[in-house]
Each structure stands twice: as structure tokens, then as C-alpha cells.
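Printed here is coords-v5.csv (CSV, N, CA and C atoms):
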```csv
chain,number,residue,atom,x,y,z
A,14,LEU,N,41.8,-65.0,58.9
A,14,LEU,CA,42.7,-66.1,58.7
A,14,LEU,C,44.1,-65.6,58.5
A,15,SER,N,44.3,-64.7,57.6
A,15,SER,CA,45.6,-64.0,57.4
A,15,SER,C,45.4,-62.8,56.5
A,16,GLY,N,46.4,-61.9,56.7
A,16,GLY,CA,46.4,-60.7,55.9
A,16,GLY,C,46.0,-59.4,56.6
A,17,THR,N,46.0,-58.3,55.9
A,17,THR,CA,45.6,-57.0,56.4
A,17,THR,C,44.7,-56.3,55.4
A,18,VAL,N,43.7,-55.7,55.9
A,18,VAL,CA,42.8,-54.9,55.0
A,18,VAL,C,42.7,-53.5,55.5
A,19,GLY,N,42.4,-52.6,54.6
A,19,GLY,CA,42.2,-51.2,55.0
A,19,GLY,C,40.7,-50.9,54.9
A,20,VAL,N,40.2,-50.1,55.8
A,20,VAL,CA,38.8,-49.7,55.8
A,20,VAL,C,38.7,-48.3,55.5
A,21,ILE,N,38.0,-47.9,54.4
A,21,ILE,CA,37.9,-46.6,53.9
A,21,ILE,C,36.5,-46.1,54.0
A,22,ARG,N,36.3,-45.1,54.8
A,22,ARG,CA,34.9,-44.5,55.0
A,22,ARG,C,34.7,-43.4,53.9
A,23,PRO,N,33.4,-43.4,53.4
A,23,PRO,CA,33.1,-42.3,52.5
A,23,PRO,C,33.3,-40.9,53.1
A,24,GLY,N,34.0,-40.1,52.4
A,24,GLY,CA,34.2,-38.7,52.8
A,24,GLY,C,35.3,-38.6,53.8
A,25,ALA,N,35.9,-39.7,54.2
A,25,ALA,CA,37.0,-39.6,55.2
A,25,ALA,C,38.3,-39.1,54.5
A,26,THR,N,39.1,-38.4,55.2
A,26,THR,CA,40.4,-37.9,54.7
A,26,THR,C,41.5,-38.4,55.5
A,27,GLY,N,42.7,-38.5,55.0
A,27,GLY,CA,43.8,-39.0,55.7
A,27,GLY,C,43.9,-40.5,55.8
A,28,SER,N,44.4,-41.0,56.9
A,28,SER,CA,44.6,-42.4,57.1
A,28,SER,C,43.3,-43.1,57.3
A,29,HIS,N,43.3,-44.4,57.0
A,29,HIS,CA,42.2,-45.2,57.2
A,29,HIS,C,42.5,-46.3,58.2
A,30,ARG,N,41.5,-47.0,58.7
A,30,ARG,CA,41.6,-48.0,59.7
A,30,ARG,C,42.1,-49.3,59.1
A,31,ARG,N,43.0,-50.0,59.8
A,31,ARG,CA,43.6,-51.2,59.3
A,31,ARG,C,43.0,-52.4,60.2
A,32,LEU,N,42.7,-53.5,59.5
A,32,LEU,CA,42.2,-54.6,60.3
A,32,LEU,C,43.1,-55.8,59.9
A,33,GLY,N,43.4,-56.6,60.9
A,33,GLY,CA,44.3,-57.8,60.7
A,33,GLY,C,43.6,-59.0,61.2
A,34,VAL,N,44.4,-60.1,61.4
A,34,VAL,CA,43.9,-61.4,61.8
A,34,VAL,C,43.0,-61.3,63.0
A,35,GLY,N,41.8,-61.9,62.9
A,35,GLY,CA,40.9,-61.9,64.0
A,35,GLY,C,39.8,-60.8,64.0
A,36,SER,N,40.0,-59.9,63.0
A,36,SER,CA,39.1,-58.8,62.9
A,36,SER,C,37.9,-59.2,62.1
A,37,HIS,N,36.9,-58.3,62.0
A,37,HIS,CA,35.7,-58.6,61.2
A,37,HIS,C,35.2,-57.3,60.6
A,38,PHE,N,34.5,-57.4,59.5
A,38,PHE,CA,33.8,-56.3,58.9
A,38,PHE,C,32.7,-56.8,58.1
A,39,GLY,N,31.7,-55.9,57.8
A,39,GLY,CA,30.6,-56.2,57.0
A,39,GLY,C,29.4,-56.6,57.8
A,40,GLU,N,29.5,-56.7,59.1
A,40,GLU,CA,28.4,-57.1,59.9
A,40,GLU,C,27.3,-56.2,60.0
A,41,VAL,N,27.5,-54.9,59.8
A,41,VAL,CA,26.5,-53.9,59.9
A,41,VAL,C,25.4,-54.1,58.8
A,42,GLY,N,25.9,-54.3,57.6
A,42,GLY,CA,25.0,-54.6,56.5
A,42,GLY,C,24.2,-55.9,56.6
A,43,LEU,N,24.9,-56.9,57.2
A,43,LEU,CA,24.2,-58.2,57.4
A,43,LEU,C,23.2,-58.1,58.5
A,44,LEU,N,23.5,-57.4,59.5
A,44,LEU,CA,22.6,-57.2,60.6
A,44,LEU,C,21.4,-56.3,60.3
A,45,THR,N,21.6,-55.3,59.6
A,45,THR,CA,20.6,-54.3,59.4
A,45,THR,C,19.9,-54.4,58.0
A,46,GLY,N,20.6,-55.1,57.1
A,46,GLY,CA,20.0,-55.2,55.7
A,46,GLY,C,20.3,-53.9,54.9
A,47,GLY,N,21.0,-52.9,55.6
A,47,GLY,CA,21.3,-51.7,54.9
A,47,GLY,C,22.5,-51.7,54.0
A,48,THR,N,22.8,-50.6,53.4
A,48,THR,CA,24.0,-50.5,52.5
A,48,THR,C,25.3,-50.5,53.3
A,49,ARG,N,26.3,-50.8,52.7
A,49,ARG,CA,27.6,-50.8,53.4
A,49,ARG,C,28.0,-49.4,53.7
A,50,THR,N,28.8,-49.3,54.8
A,50,THR,CA,29.2,-48.0,55.4
A,50,THR,C,30.6,-47.7,55.1
A,51,ALA,N,31.3,-48.6,54.4
A,51,ALA,CA,32.7,-48.4,54.1
A,51,ALA,C,33.2,-49.4,52.9
A,52,THR,N,34.3,-49.1,52.4
A,52,THR,CA,34.9,-50.0,51.4
A,52,THR,C,36.1,-50.6,52.1
A,53,VAL,N,36.3,-51.9,51.9
A,53,VAL,CA,37.4,-52.6,52.4
A,53,VAL,C,38.3,-53.1,51.3
A,54,VAL,N,39.6,-52.9,51.4
A,54,VAL,CA,40.6,-53.2,50.4
A,54,VAL,C,41.7,-54.0,51.0
A,55,ALA,N,42.1,-55.1,50.4
A,55,ALA,CA,43.2,-55.9,50.9
A,55,ALA,C,44.5,-55.1,50.7
A,56,GLU,N,45.3,-55.0,51.7
A,56,GLU,CA,46.6,-54.3,51.6
A,56,GLU,C,47.7,-55.2,51.3
A,57,LYS,N,47.5,-56.5,51.5
A,57,LYS,CA,48.5,-57.5,51.2
A,57,LYS,C,47.7,-58.8,51.0
A,58,GLU,N,48.3,-59.9,50.5
A,58,GLU,CA,47.5,-61.1,50.3
A,58,GLU,C,46.7,-61.5,51.6
A,59,THR,N,45.5,-61.7,51.4
A,59,THR,CA,44.5,-61.9,52.5
A,59,THR,C,43.7,-63.1,52.3
A,60,GLU,N,43.5,-63.9,53.3
A,60,GLU,CA,42.6,-65.0,53.3
A,60,GLU,C,41.6,-64.8,54.4
A,61,LEU,N,40.3,-64.9,54.0
A,61,LEU,CA,39.2,-64.6,55.0
A,61,LEU,C,38.0,-65.5,54.8
A,62,LEU,N,37.1,-65.4,55.7
A,62,LEU,CA,35.9,-66.1,55.6
A,62,LEU,C,34.8,-65.1,55.2
A,63,ALA,N,33.9,-65.6,54.3
A,63,ALA,CA,32.8,-64.7,53.9
A,63,ALA,C,31.5,-65.4,54.1
A,64,PHE,N,30.5,-64.7,54.5
A,64,PHE,CA,29.2,-65.2,54.7
A,64,PHE,C,28.2,-64.5,53.9
A,65,ASP,N,27.2,-65.2,53.4
A,65,ASP,CA,26.0,-64.5,52.8
A,65,ASP,C,25.1,-64.3,54.0
A,66,ARG,N,24.0,-63.6,53.8
A,66,ARG,CA,23.0,-63.3,54.9
A,66,ARG,C,22.5,-64.6,55.5
A,67,ALA,N,22.2,-65.6,54.7
A,67,ALA,CA,21.7,-66.9,55.3
A,67,ALA,C,22.7,-67.6,56.2
A,68,GLY,N,23.9,-67.6,55.7
A,68,GLY,CA,25.0,-68.2,56.5
A,68,GLY,C,25.3,-67.5,57.7
A,69,PHE,N,25.2,-66.1,57.7
A,69,PHE,CA,25.5,-65.3,58.8
A,69,PHE,C,24.4,-65.6,59.9
A,70,ALA,N,23.1,-65.7,59.4
A,70,ALA,CA,22.0,-65.9,60.3
A,70,ALA,C,22.2,-67.3,61.0
A,71,ARG,N,22.6,-68.3,60.3
A,71,ARG,CA,22.9,-69.6,60.9
A,71,ARG,C,23.9,-69.5,61.9
A,72,LEU,N,25.0,-68.7,61.7
A,72,LEU,CA,26.1,-68.5,62.7
A,72,LEU,C,25.5,-67.9,63.9
A,73,LEU,N,24.7,-66.9,63.8
A,73,LEU,CA,24.1,-66.2,65.0
A,73,LEU,C,23.2,-67.1,65.7
A,74,ASP,N,22.4,-68.0,65.0
A,74,ASP,CA,21.5,-68.9,65.7
A,74,ASP,C,22.3,-70.0,66.5
A,75,MET,N,23.5,-70.3,66.1
A,75,MET,CA,24.3,-71.2,66.8
A,75,MET,C,24.8,-70.7,68.2
A,76,SER,N,25.0,-69.4,68.3
A,76,SER,CA,25.5,-68.8,69.5
A,76,SER,C,24.8,-67.5,69.8
A,77,GLU,N,24.0,-67.5,70.9
A,77,GLU,CA,23.3,-66.3,71.3
A,77,GLU,C,24.4,-65.2,71.7
A,78,GLU,N,25.4,-65.7,72.4
A,78,GLU,CA,26.5,-64.8,72.9
A,78,GLU,C,27.2,-64.1,71.7
A,79,THR,N,27.5,-64.8,70.6
A,79,THR,CA,28.1,-64.3,69.4
A,79,THR,C,27.2,-63.2,68.8
A,80,GLY,N,25.9,-63.5,68.7
A,80,GLY,CA,25.0,-62.5,68.2
A,80,GLY,C,24.9,-61.2,69.0
A,81,GLN,N,24.9,-61.4,70.3
A,81,GLN,CA,24.9,-60.2,71.2
A,81,GLN,C,26.2,-59.4,71.1
A,82,ASP,N,27.3,-60.1,71.0
A,82,ASP,CA,28.6,-59.4,70.9
A,82,ASP,C,28.6,-58.6,69.6
A,83,LEU,N,28.2,-59.2,68.5
A,83,LEU,CA,28.2,-58.5,67.2
A,83,LEU,C,27.2,-57.4,67.1
A,84,LEU,N,26.1,-57.5,67.8
A,84,LEU,CA,25.1,-56.4,67.8
A,84,LEU,C,25.8,-55.2,68.6
A,85,ARG,N,26.4,-55.5,69.7
A,85,ARG,CA,27.0,-54.5,70.6
A,85,ARG,C,28.2,-53.8,69.8
A,86,LEU,N,29.0,-54.6,69.2
A,86,LEU,CA,30.1,-54.0,68.4
A,86,LEU,C,29.6,-53.2,67.2
A,87,SER,N,28.6,-53.6,66.5
A,87,SER,CA,28.0,-52.9,65.4
A,87,SER,C,27.4,-51.6,65.9
A,88,HIS,N,26.7,-51.6,67.0
A,88,HIS,CA,26.1,-50.4,67.6
A,88,HIS,C,27.2,-49.4,68.0
A,89,ASP,N,28.3,-49.9,68.6
A,89,ASP,CA,29.4,-49.0,69.0
A,89,ASP,C,30.0,-48.4,67.7
A,90,LEU,N,30.2,-49.2,66.7
A,90,LEU,CA,30.8,-48.7,65.4
A,90,LEU,C,29.9,-47.6,64.8
A,91,LEU,N,28.6,-47.9,64.7
A,91,LEU,CA,27.7,-46.9,64.1
A,91,LEU,C,27.7,-45.6,65.0
A,92,ALA,N,27.7,-45.7,66.3
A,92,ALA,CA,27.7,-44.6,67.2
A,92,ALA,C,29.0,-43.8,67.0
A,93,SER,N,30.1,-44.4,66.8
A,93,SER,CA,31.4,-43.8,66.6
A,93,SER,C,31.4,-43.0,65.3
A,94,ASP,N,30.9,-43.7,64.3
A,94,ASP,CA,30.8,-43.0,63.0
A,94,ASP,C,29.9,-41.8,63.0
A,95,ALA,N,28.8,-41.9,63.7
A,95,ALA,CA,27.8,-40.7,63.8
A,95,ALA,C,28.5,-39.6,64.6
A,96,ALA,N,29.2,-39.9,65.7
A,96,ALA,CA,29.9,-38.9,66.4
A,96,ALA,C,31.0,-38.2,65.6
A,97,ALA,N,31.7,-39.0,64.8
A,97,ALA,CA,32.7,-38.4,64.0
A,97,ALA,C,32.1,-37.5,62.9
A,98,ARG,N,31.0,-37.8,62.3
A,98,ARG,CA,30.4,-37.0,61.3
A,98,ARG,C,29.9,-35.7,62.0
A,99,ASP,N,29.4,-35.8,63.2
A,99,ASP,CA,28.9,-34.6,63.9
A,99,ASP,C,30.0,-33.6,64.3
A,100,THR,N,31.2,-34.1,64.4
A,100,THR,CA,32.3,-33.2,64.8
A,100,THR,C,33.0,-32.5,63.6
A,101,VAL,N,32.7,-33.0,62.4
A,101,VAL,CA,33.2,-32.4,61.2
A,101,VAL,C,32.4,-31.2,60.8
A,102,THR,N,33.1,-30.1,60.6
A,102,THR,CA,32.4,-28.9,60.2
A,102,THR,C,32.7,-28.5,58.8
```
Structure translated into C-alpha cells:
Amino acid sequence: LSGTVGVIRPGATGSHRRLGVGSHFGEVGLLTGGTRTATVVAEKETELLAFDRAGFARLLDMSEETGQDLLRLSHDLLASDAAARDTVT
């Protein structure tokens, strides 16, 4: 809705990723039931939507396309994180 957040990955050094209006985070944990893969911190006043697991499941049930898009994005994010870890020596 508004604002900017920073995404901090465990063990990451240097700059972190910034997300703004229209971005999303937290879907990996909601989709997999796993633990979170990053910490997200508001960098300025931020207004956002938050879903618990049940609400998120209802959202996915409403739109098969949305569910497929989130699964694809989450897969790409996890693959990118794994590749980054593999290149660190």
C-alpha cells in the first residue's frame, strides 16, 4: 500500500534488497510452512496487508493464477538464494 522495507538475509553482508509499493514478502513460509528465510524491516512509515496462513489459503483458492504466480516467484527466490550460497566461499 505504501512505504519501503529492507530485506535482510541471514549471513548476508553489504546492502540488502529493498521492496516498495506492490512488492510482497513472506510467501515462502506461508507456502511451505517452513521458517522465514529473511528479516524484513520498515525503512520508513509503511502500510501493508498481512495474512495469516488461513487467509493466505483463501486468497489462493480465489485465484488459481495468483497461486501459480506465487509458487513460481517463490521457487525462483529460493533457487536464487541457493545459488548465492553456493557461490560464497
Given only C-alpha atoms as the counted atoms, nearest of A:Leu83, A:Ala92, A:Val20, A:Leu73 to Arg49 of chain A: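 Checking each of A:Leu83, A:Ala92, A:Val20, A:Leu73 against Arg49 of chain A, counting only C-alpha atoms, the winner is A:Val20.
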Among chain A, which ones does DSSP place in strand (DSSP E or B), written as an mmCIF file with N, CA and C atoms, keeping the file's coordinate frame?
```cif
data_model
loop_
_atom_site.group_PDB
_atom_site.id
_atom_site.type_symbol
_atom_site.label_atom_id
_atom_site.label_comp_id
_atom_site.auth_asym_id
_atom_site.auth_seq_id
_atom_site.Cartn_x
_atom_site.Cartn_y
_atom_site.Cartn_z
ATOM 1 N N SER A 15 44.300 -64.700 57.600
ATOM 2 C CA SER A 15 45.600 -64.000 57.400
ATOM 3 C C SER A 15 45.400 -62.800 56.500
ATOM 4 N N VAL A 18 43.700 -55.700 55.900
ATOM 5 C CA VAL A 18 42.800 -54.900 55.000
ATOM 6 C C VAL A 18 42.700 -53.500 55.500
ATOM 7 N N GLY A 19 42.400 -52.600 54.600
ATOM 8 C CA GLY A 19 42.200 -51.200 55.000
ATOM 9 C C GLY A 19 40.700 -50.900 54.900
ATOM 10 N N VAL A 20 40.200 -50.100 55.800
ATOM 11 C CA VAL A 20 38.800 -49.700 55.800
ATOM 12 C C VAL A 20 38.700 -48.300 55.500
ATOM 13 N N ILE A 21 38.000 -47.900 54.400
ATOM 14 C CA ILE A 21 37.900 -46.600 53.900
ATOM 15 C C ILE A 21 36.500 -46.100 54.000
ATOM 16 N N ARG A 30 41.500 -47.000 58.700
ATOM 17 C CA ARG A 30 41.600 -48.000 59.700
ATOM 18 C C ARG A 30 42.100 -49.300 59.100
ATOM 19 N N ARG A 31 43.000 -50.000 59.800
ATOM 20 C CA ARG A 31 43.600 -51.200 59.300
ATOM 21 C C ARG A 31 43.000 -52.400 60.200
ATOM 22 N N LEU A 32 42.700 -53.500 59.500
ATOM 23 C CA LEU A 32 42.200 -54.600 60.300
ATOM 24 C C LEU A 32 43.100 -55.800 59.900
ATOM 25 N N THR A 52 34.300 -49.100 52.400
ATOM 26 C CA THR A 52 34.900 -50.000 51.400
ATOM 27 C C THR A 52 36.100 -50.600 52.100
ATOM 28 N N VAL A 53 36.300 -51.900 51.900
ATOM 29 C CA VAL A 53 37.400 -52.600 52.400
ATOM 30 C C VAL A 53 38.300 -53.100 51.300
ATOM 31 N N VAL A 54 39.600 -52.900 51.400
ATOM 32 C CA VAL A 54 40.600 -53.200 50.400
ATOM 33 C C VAL A 54 41.700 -54.000 51.000
ATOM 34 N N ALA A 55 42.100 -55.100 50.400
ATOM 35 C CA ALA A 55 43.200 -55.900 50.900
ATOM 36 C C ALA A 55 44.500 -55.100 50.700
ATOM 37 N N GLU A 60 43.500 -63.900 53.300
ATOM 38 C CA GLU A 60 42.600 -65.000 53.300
ATOM 39 C C GLU A 60 41.600 -64.800 54.400
#
```
Given all atoms listed in the file as the counted atoms, nearest of A:Leu14, A:Ile21, A:Thr52, A:Gly68 to Gly35 of chain A: A:Leu14
All residues 6 Å or closer to Val54 of chain A, all atoms listed in the file, same chain fewer than 3 positions away omitted, as a PyMOL selection string: chain A and resi 17-20
Å distance separating atom CA of Arg22 of chain A from atom N of Phe69 of chain A, one decimal place: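 Answer for the atom CA of Arg22 of chain A to atom N of Phe69 of chain A separation: 23.8 Å.
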Top pick for closest residue to His37 of chain A, considering A:Leu91, A:Ala25, A:Met75, A:Leu86 and counting only C-alpha atoms: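 Smallest distance to His37 of chain A is found for A:Leu86.
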Among listed residues A:Gly42, A:Gly16, A:Gly33, A:Pro23, nearest Leu84 of chain A (using only C-alpha atoms):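 The closest residue to Leu84 of chain A is A:Gly42.
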Members of chain A assigned alpha helix (DSSP H) by DSSP, as JSON, numbers by chain: {"A": [40, 41, 42, 43, 44, 45, 66, 67, 68, 69, 70, 71, 72, 73, 74, 75, 77, 78, 79, 80, 81, 82, 83, 84, 85, 86, 87, 88, 89, 90, 91, 92, 93, 94, 95, 96, 97, 98, 99, 100]}
Point-to-point distance in Å for atom CA of Gly47 of chain A and atom C of Arg71 of chain A: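 One can read the atom C of Arg71 of chain A to atom CA of Gly47 of chain A distance as 19.3 Å.
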Exercise: Leu43 of chain A partners within 10 Å, only C-alpha atoms, chain neighbours under 4 positions left out, as a list in words: Phe38, Gly39, Gly47, Thr48, Arg49, Phe64, Asp65, Arg66, Ala67, Phe69 and Ala70 of chain A
Separation of atom C of His29 of chain A from atom CA of Lys57 of chain A in Å: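 Rounded to one decimal, the two atoms are 14.5 Å apart.
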